[in-house]
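Visitor: Take a look at the following structure, please.
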Amino acid sequence: MSAAGTPGLPGAAERAAPGPVRHKGGAGGVRGWLDPRGRTIGGRSFALHRLTGVALVAYLYVHLGVLSLLLVGESAWSDFLGVVTSKGFLLFDVVLLFAVLFHGLNGIRVALVGSGYAVRHERALLWAVVAIGAPALAYGALHILGGL
Amino acid sequence: MSETGTRRLRVHRFKRGDGGAHFDEFVVPAGPRTTVLDALRWIQLHADPSLALRHSCMHASCGTCGVQVDGQEELACVARLGDHRGDPVTVEPLANVPVLTDLVVDMADFFRRFGDRHPVLRASEAVAGAQPPDGLDRFVRLEDCIECGLCLSACPVAATSARYAGPAALSAAQRLLEEPRGADRDDVLAWAGRPEGAWRCHVGMECTRACPADALPAERIMALRRELGGREAGARP
Ligand code: FES
């Protein structure tokens, strides 16, 4: 008799079918990255690392697209600069700076730990990411928003 | 179960051929020492005998009772209800492996990830003189790992990659490097160095947090990667 039971018995086909695989977040795996339930700081930094990575790749393409305005002419570029130097857009730059800082600094941590170094200190390294990143973000934000 | 009050439990239900999965809510008597397994067994005995769950030893040794409690991987037999603040407390099967029914998952999918040509199992020396049941030649066990699957459920990489070997299988491979037991070291490293092997880990460290046996799966994966890195560097001309 197979693990699914005797063929021909009621329910045999249903039992033979593979069961559904559940993931955190209820549905697809990517939503599971964002499900905070039961996650520790390591899992949350993993999720943030992935999100900032995806955001930076998306930004790269937007950036390349925007640079193509240079091909349209000087006035198109000047109009664009007028928009992106508004306060609202500068806030977006601060978010971008956060993504760059977190992804870069945490990337160093991930590379170190992931290569088998300082594995027992991975939590301390995460706090080092915060300790270096937070002041750098604050300085950068003040600079971008015109406070310096 | 010393009873001092009640707790609400929201329990995952799934029966094949009986529509999709859903959650049922139960109110269970609960005291300060009530475990999640106590509560689930109370439901079986007093509220719904069709609730399917798996357990055996009742003391964090057999690894069969793994579930997610409010999203956190736990052995139900030692997880105290009182340590979970959810109201209701949500109990779900482990993630990233197929669900057979209710809270029971198909562990074949967990074991399929192990390198089957490597001797990751060893003869058990824990129970001298014990007689294996019919159908088993001898008892075997994985090192400290109790094969509960909590690490695989907690792993965010396994959530997006069904082919990833996962923390338990990679830890077993790393143990083979420490104590080869006749395994071909290069073969073990070649297996671990596959795209779905050790390099797939992204240092979420959730497996080590989830492991109830302190087998340190994440640390073992990193040790494996260090070996792999040294081997690949040595192979360069
Ligand atoms: S019943 Fe054996 S580990 Fe929980």
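Chains: A, B, ... in order of the structure tokens. Residues: from 1 per chain. Ligands: from 1, in order shown.
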Got a sec to check which residues lie within 9 Å of ligand 1, using only C-alpha atoms and all ligand atoms, and send them as a list of chain:residue names?
Guide: B:Leu37, B:Arg54, B:His55, B:Ser56, B:Cys57, B:Met58, B:His59, B:Ala60, B:Ser61, B:Cys62, B:Gly63, B:Thr64, B:Cys65, B:Gly66, B:Glu74, B:Leu75, B:Ala76, B:Cys77, B:Val78, B:Ile146, B:Cys148, B:Pro212
Visitor: What lies within 6 Å of Thr35 (chain B) using only C-alpha atoms, ignoring chain neighbours under 5 positions off, as a count of residues only?
Guide: 4
Visitor: Taking only C-alpha atoms into account, what are the residues of chain B at most 9 Å from chain A, put as a PyMOL selection string?
Guide: chain B and resi 16-17+68-73+93-101+105-106+153-161+199+201-206+209+218-227+229
Visitor: Counting only C-alpha atoms, what is within 7 Å of region 191-198 of chain B, bar same-chain residues fewer than 2 positions away, as an mmCIF file with C-alpha atoms, in the first residue's frame?
Guide:
data_model
loop_
_atom_site.group_PDB
_atom_site.id
_atom_site.type_symbol
_atom_site.label_atom_id
_atom_site.label_comp_id
_atom_site.auth_asym_id
_atom_site.auth_seq_id
_atom_site.Cartn_x
_atom_site.Cartn_y
_atom_site.Cartn_z
ATOM 1 C CA ARG B 163 15.344 23.787 -3.790
ATOM 2 C CA TYR B 164 17.516 25.297 -1.044
ATOM 3 C CA ALA B 165 19.130 22.519 1.003
ATOM 4 C CA LEU B 170 23.869 21.890 5.530
ATOM 5 C CA ASP B 187 32.257 15.171 -2.308
ATOM 6 C CA VAL B 188 30.591 16.699 0.753
ATOM 7 C CA LEU B 189 32.028 20.113 -0.111
ATOM 8 C CA ARG B 200 22.265 30.408 -0.815
ATOM 9 C CA CYS B 201 22.145 31.390 2.871
ATOM 10 C CA ILE B 221 26.655 26.951 7.497
ATOM 11 C CA ARG B 225 31.292 28.434 3.636
ATOM 12 C CA LEU B 228 34.322 26.209 0.661
#
Visitor: Have a look at CA of Ala52 (chain B) and CA of Ala39 (chain B) and let me know their distance in Å, one decimal.
Guide: 13.1 Å
Visitor: Using only C-alpha atoms, find the one residue out of B:Phe139, B:Ala173, B:Arg85, B:Leu150 that sits nearest to Asp116 (chain B).
Guide: B:Ala173
Visitor: What's around Leu81 (chain A) at 12 Å? Count only C-alpha atoms, leave out sequence neighbours fewer than 5 positions away in its own chain, and write the answer as a PyMOL selection string.
Guide: chain A and resi 66-67+69-70+74-76+86+89-90
Visitor: For those residues, write all heavy atoms to a file as an mmCIF file, in the first residue's frame.
Guide:
data_model
loop_
_atom_site.group_PDB
_atom_site.id
_atom_site.type_symbol
_atom_site.label_atom_id
_atom_site.label_comp_id
_atom_site.auth_asym_id
_atom_site.auth_seq_id
_atom_site.Cartn_x
_atom_site.Cartn_y
_atom_site.Cartn_z
ATOM 1 N N VAL A 66 16.289 58.697 -16.286
ATOM 2 C CA VAL A 66 16.288 60.143 -16.089
ATOM 3 C C VAL A 66 17.473 60.786 -16.827
ATOM 4 O O VAL A 66 17.342 61.849 -17.448
ATOM 5 C CB VAL A 66 16.331 60.452 -14.576
ATOM 6 C CG1 VAL A 66 16.814 61.859 -14.315
ATOM 7 C CG2 VAL A 66 14.956 60.230 -13.967
ATOM 8 N N LEU A 67 18.613 60.115 -16.769
ATOM 9 C CA LEU A 67 19.793 60.667 -17.454
ATOM 10 C C LEU A 67 19.561 60.795 -18.958
ATOM 11 O O LEU A 67 20.150 61.650 -19.625
ATOM 12 C CB LEU A 67 21.018 59.776 -17.196
ATOM 13 C CG LEU A 67 21.669 59.913 -15.815
ATOM 14 C CD1 LEU A 67 22.896 59.024 -15.728
ATOM 15 C CD2 LEU A 67 22.058 61.352 -15.523
ATOM 16 N N LEU A 69 17.202 62.071 -20.270
ATOM 17 C CA LEU A 69 16.627 63.398 -20.547
ATOM 18 C C LEU A 69 17.671 64.329 -21.141
ATOM 19 O O LEU A 69 17.355 65.274 -21.860
ATOM 20 C CB LEU A 69 16.079 64.018 -19.251
ATOM 21 C CG LEU A 69 14.730 63.510 -18.746
ATOM 22 C CD1 LEU A 69 14.390 64.165 -17.427
ATOM 23 C CD2 LEU A 69 13.645 63.815 -19.785
ATOM 24 N N LEU A 70 18.935 64.060 -20.815
ATOM 25 C CA LEU A 70 20.015 64.876 -21.355
ATOM 26 C C LEU A 70 20.012 64.823 -22.884
ATOM 27 O O LEU A 70 20.435 65.767 -23.550
ATOM 28 C CB LEU A 70 21.367 64.386 -20.820
ATOM 29 C CG LEU A 70 21.675 64.770 -19.368
ATOM 30 C CD1 LEU A 70 22.901 64.015 -18.877
ATOM 31 C CD2 LEU A 70 21.897 66.271 -19.249
ATOM 32 N N GLU A 74 18.686 70.711 -23.148
ATOM 33 C CA GLU A 74 19.044 71.383 -21.900
ATOM 34 C C GLU A 74 17.813 71.817 -21.117
ATOM 35 O O GLU A 74 17.763 71.733 -19.893
ATOM 36 C CB GLU A 74 19.924 72.598 -22.219
ATOM 37 C CG GLU A 74 20.633 73.118 -21.002
ATOM 38 C CD GLU A 74 21.529 74.317 -21.324
ATOM 39 O OE1 GLU A 74 22.027 74.383 -22.450
ATOM 40 O OE2 GLU A 74 21.681 75.162 -20.428
ATOM 41 N N SER A 75 16.764 72.261 -21.847
ATOM 42 C CA SER A 75 15.597 72.779 -21.116
ATOM 43 C C SER A 75 14.871 71.643 -20.396
ATOM 44 O O SER A 75 14.387 71.812 -19.284
ATOM 45 C CB SER A 75 14.654 73.522 -22.064
ATOM 46 O OG SER A 75 13.984 72.612 -22.891
ATOM 47 N N ALA A 76 14.798 70.476 -21.041
ATOM 48 C CA ALA A 76 14.157 69.323 -20.384
ATOM 49 C C ALA A 76 14.903 68.975 -19.107
ATOM 50 O O ALA A 76 14.309 68.684 -18.065
ATOM 51 C CB ALA A 76 14.144 68.119 -21.330
ATOM 52 N N SER A 86 12.999 70.106 -5.269
ATOM 53 C CA SER A 86 11.941 70.529 -4.340
ATOM 54 C C SER A 86 12.081 69.745 -3.039
ATOM 55 O O SER A 86 12.677 68.667 -3.007
ATOM 56 C CB SER A 86 10.563 70.269 -4.966
ATOM 57 O OG SER A 86 10.361 68.875 -5.080
ATOM 58 N N PHE A 89 11.005 66.044 -3.008
ATOM 59 C CA PHE A 89 11.935 65.122 -3.666
ATOM 60 C C PHE A 89 13.206 64.934 -2.843
ATOM 61 O O PHE A 89 13.826 63.864 -2.866
ATOM 62 C CB PHE A 89 12.277 65.639 -5.068
ATOM 63 C CG PHE A 89 11.709 64.748 -6.134
ATOM 64 C CD1 PHE A 89 10.463 65.014 -6.670
ATOM 65 C CD2 PHE A 89 12.398 63.627 -6.578
ATOM 66 C CE1 PHE A 89 9.915 64.181 -7.625
ATOM 67 C CE2 PHE A 89 11.857 62.790 -7.530
ATOM 68 C CZ PHE A 89 10.603 63.062 -8.071
ATOM 69 N N LEU A 90 13.601 65.987 -2.122
ATOM 70 C CA LEU A 90 14.814 65.858 -1.301
ATOM 71 C C LEU A 90 14.600 64.844 -0.184
ATOM 72 O O LEU A 90 15.527 64.144 0.215
ATOM 73 C CB LEU A 90 15.223 67.221 -0.748
ATOM 74 C CG LEU A 90 15.740 68.199 -1.819
ATOM 75 C CD1 LEU A 90 16.073 69.554 -1.203
ATOM 76 C CD2 LEU A 90 16.958 67.644 -2.546
#
Visitor: Determine which residues of region 99-164 of chain B receive a DSSP assignment of alpha helix (DSSP H), computed from the backbone, and state them as a list in words.
Guide: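 These are the residues in question: Ala108, Asp109, Phe110, Phe111, Leu150, Cys151, Leu152, Ser153 and Ala154 of chain B.
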Visitor: Determine which residues of region 55-89 of chain B DSSP labels as strand (DSSP E) from the backbone of this structure, then write them out as an mmCIF file with all heavy atoms, in the first residue's frame.
Guide:
data_model
loop_
_atom_site.group_PDB
_atom_site.id
_atom_site.type_symbol
_atom_site.label_atom_id
_atom_site.label_comp_id
_atom_site.auth_asym_id
_atom_site.auth_seq_id
_atom_site.Cartn_x
_atom_site.Cartn_y
_atom_site.Cartn_z
ATOM 1 N N GLY B 66 6.817 20.096 16.254
ATOM 2 C CA GLY B 66 7.090 21.473 15.843
ATOM 3 C C GLY B 66 5.885 22.147 15.202
ATOM 4 O O GLY B 66 5.216 21.556 14.361
ATOM 5 N N VAL B 67 5.616 23.363 15.636
ATOM 6 C CA VAL B 67 4.540 24.180 15.055
ATOM 7 C C VAL B 67 4.993 25.640 15.093
ATOM 8 O O VAL B 67 6.029 25.966 15.688
ATOM 9 C CB VAL B 67 3.209 24.066 15.852
ATOM 10 C CG1 VAL B 67 2.532 22.728 15.610
ATOM 11 C CG2 VAL B 67 3.424 24.310 17.333
ATOM 12 N N GLN B 68 4.215 26.496 14.469
ATOM 13 C CA GLN B 68 4.428 27.936 14.629
ATOM 14 C C GLN B 68 3.396 28.451 15.629
ATOM 15 O O GLN B 68 2.201 28.217 15.454
ATOM 16 C CB GLN B 68 4.216 28.667 13.324
ATOM 17 C CG GLN B 68 5.247 28.379 12.245
ATOM 18 C CD GLN B 68 4.963 29.236 11.025
ATOM 19 O OE1 GLN B 68 5.264 30.425 10.991
ATOM 20 N NE2 GLN B 68 4.371 28.632 10.017
ATOM 21 N N VAL B 69 3.878 29.107 16.653
ATOM 22 C CA VAL B 69 2.983 29.706 17.640
ATOM 23 C C VAL B 69 3.141 31.223 17.516
ATOM 24 O O VAL B 69 4.230 31.756 17.733
ATOM 25 C CB VAL B 69 3.342 29.256 19.072
ATOM 26 C CG1 VAL B 69 2.301 29.768 20.058
ATOM 27 C CG2 VAL B 69 3.461 27.742 19.155
ATOM 28 N N GLN B 72 6.078 32.036 15.503
ATOM 29 C CA GLN B 72 7.408 31.672 15.995
ATOM 30 C C GLN B 72 7.510 30.150 16.073
ATOM 31 O O GLN B 72 6.602 29.504 16.608
ATOM 32 C CB GLN B 72 7.600 32.278 17.380
ATOM 33 C CG GLN B 72 9.003 32.192 17.893
ATOM 34 C CD GLN B 72 9.150 33.024 19.162
ATOM 35 O OE1 GLN B 72 8.562 34.102 19.283
ATOM 36 N NE2 GLN B 72 9.898 32.519 20.113
ATOM 37 N N GLU B 73 8.603 29.610 15.564
ATOM 38 C CA GLU B 73 8.767 28.156 15.566
ATOM 39 C C GLU B 73 9.015 27.675 16.993
ATOM 40 O O GLU B 73 9.888 28.199 17.689
ATOM 41 C CB GLU B 73 9.938 27.751 14.672
ATOM 42 C CG GLU B 73 9.639 27.818 13.193
ATOM 43 C CD GLU B 73 9.476 29.214 12.645
ATOM 44 O OE1 GLU B 73 9.973 30.161 13.287
ATOM 45 O OE2 GLU B 73 8.848 29.370 11.578
ATOM 46 N N GLU B 74 8.249 26.660 17.389
ATOM 47 C CA GLU B 74 8.370 26.134 18.751
ATOM 48 C C GLU B 74 8.113 24.637 18.745
ATOM 49 O O GLU B 74 7.378 24.134 17.887
ATOM 50 C CB GLU B 74 7.284 26.751 19.659
ATOM 51 C CG GLU B 74 7.276 28.255 19.731
ATOM 52 C CD GLU B 74 7.944 28.769 20.984
ATOM 53 O OE1 GLU B 74 8.732 28.019 21.597
ATOM 54 O OE2 GLU B 74 7.638 29.915 21.345
ATOM 55 N N LEU B 75 8.658 23.945 19.733
ATOM 56 C CA LEU B 75 8.212 22.587 20.015
ATOM 57 C C LEU B 75 6.997 22.739 20.925
ATOM 58 O O LEU B 75 7.113 23.269 22.042
ATOM 59 C CB LEU B 75 9.314 21.792 20.719
ATOM 60 C CG LEU B 75 10.562 21.501 19.878
ATOM 61 C CD1 LEU B 75 11.609 20.779 20.721
ATOM 62 C CD2 LEU B 75 10.229 20.688 18.634
ATOM 63 N N VAL B 89 -4.051 33.110 20.575
ATOM 64 C CA VAL B 89 -2.743 32.591 20.184
ATOM 65 C C VAL B 89 -2.950 31.770 18.906
ATOM 66 O O VAL B 89 -3.795 30.879 18.876
ATOM 67 C CB VAL B 89 -2.159 31.694 21.296
ATOM 68 C CG1 VAL B 89 -0.866 31.052 20.844
ATOM 69 C CG2 VAL B 89 -1.941 32.490 22.573
#
Visitor: Could you check how far CA of Tyr61 (chain A) sits from CA of Ala141 (chain A), in Å to one decimal?
Guide: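 Separation between CA of Tyr61 (chain A) and CA of Ala141 (chain A): 23.3 Å.
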Visitor: Can you pull out the residues contacting Leu9 (chain B)? Cut-off 8 Å, using only C-alpha atoms, and skip same-chain residues under 5 positions away; I want them as a PyMOL selection string.
Guide: chain B and resi 25-28+87-91
Visitor: Next, dump the selected residues to file, keeping only N, CA, C and O atoms, as an mmCIF file, in the first residue's frame.
Guide:
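Writing done, so here's out-v2.cif:
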data_model
loop_
_atom_site.group_PDB
_atom_site.id
_atom_site.type_symbol
_atom_site.label_atom_id
_atom_site.label_comp_id
_atom_site.auth_asym_id
_atom_site.auth_seq_id
_atom_site.Cartn_x
_atom_site.Cartn_y
_atom_site.Cartn_z
ATOM 1 N N GLU B 25 -11.362 28.568 16.038
ATOM 2 C CA GLU B 25 -11.015 29.140 17.343
ATOM 3 C C GLU B 25 -11.543 28.270 18.470
ATOM 4 O O GLU B 25 -12.663 27.734 18.388
ATOM 5 N N PHE B 26 -10.755 28.117 19.506
ATOM 6 C CA PHE B 26 -11.147 27.315 20.666
ATOM 7 C C PHE B 26 -10.783 28.089 21.935
ATOM 8 O O PHE B 26 -9.786 28.824 21.951
ATOM 9 N N VAL B 27 -11.567 27.873 22.958
ATOM 10 C CA VAL B 27 -11.213 28.420 24.273
ATOM 11 C C VAL B 27 -10.765 27.242 25.128
ATOM 12 O O VAL B 27 -11.490 26.254 25.268
ATOM 13 N N VAL B 28 -9.541 27.330 25.647
ATOM 14 C CA VAL B 28 -8.989 26.188 26.388
ATOM 15 C C VAL B 28 -8.640 26.624 27.814
ATOM 16 O O VAL B 28 -8.265 27.774 28.044
ATOM 17 N N ASP B 87 -3.876 37.124 21.414
ATOM 18 C CA ASP B 87 -5.229 36.819 21.866
ATOM 19 C C ASP B 87 -6.154 36.947 20.659
ATOM 20 O O ASP B 87 -6.563 38.042 20.323
ATOM 21 N N PRO B 88 -6.413 35.847 19.994
ATOM 22 C CA PRO B 88 -6.024 34.471 20.337
ATOM 23 C C PRO B 88 -4.567 34.175 19.978
ATOM 24 O O PRO B 88 -3.963 34.902 19.184
ATOM 25 N N VAL B 89 -4.051 33.110 20.575
ATOM 26 C CA VAL B 89 -2.743 32.591 20.184
ATOM 27 C C VAL B 89 -2.950 31.770 18.906
ATOM 28 O O VAL B 89 -3.795 30.879 18.876
ATOM 29 N N THR B 90 -2.185 32.112 17.864
ATOM 30 C CA THR B 90 -2.358 31.413 16.588
ATOM 31 C C THR B 90 -1.379 30.249 16.484
ATOM 32 O O THR B 90 -0.170 30.433 16.679
ATOM 33 N N VAL B 91 -1.896 29.067 16.197
ATOM 34 C CA VAL B 91 -1.048 27.883 16.048
ATOM 35 C C VAL B 91 -1.164 27.390 14.608
ATOM 36 O O VAL B 91 -2.268 27.099 14.133
#
Visitor: Could you please determine the separation between CA of Val94 (chain A) and CA of Val54 (chain A) in Å, to one decimal place?
Guide: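 CA of Val54 (chain A) lies at a distance of 16.8 Å from CA of Val94 (chain A).
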Visitor: I'd like the contact shell of Ala138 (chain A) - 12 Å cut-off, only C-alpha atoms, skipping same-chain residues fewer than 6 positions apart - returned as a ChimeraX atom specification.
Guide: /A:94-95,97-98,101,130-132,144-145,147-148
Visitor: Can you spit out the residues from that selection as a CSV table (one decimal), in the first residue's frame, using C-alpha atoms?
Guide:
chain,number,residue,atom,x,y,z
A,94,VAL,CA,17.1,61.0,2.3
A,95,VAL,CA,15.3,57.7,2.0
A,97,LEU,CA,20.6,57.6,1.4
A,98,PHE,CA,19.2,55.4,4.1
A,101,LEU,CA,23.9,53.2,4.0
A,130,VAL,CA,23.4,51.1,13.3
A,131,ALA,CA,26.1,53.0,15.2
A,132,ILE,CA,27.9,54.0,12.0
A,144,ILE,CA,20.5,67.3,1.7
A,145,LEU,CA,17.7,69.3,3.3
A,147,GLY,CA,20.4,72.3,7.4
A,148,LEU,CA,24.2,72.4,7.0
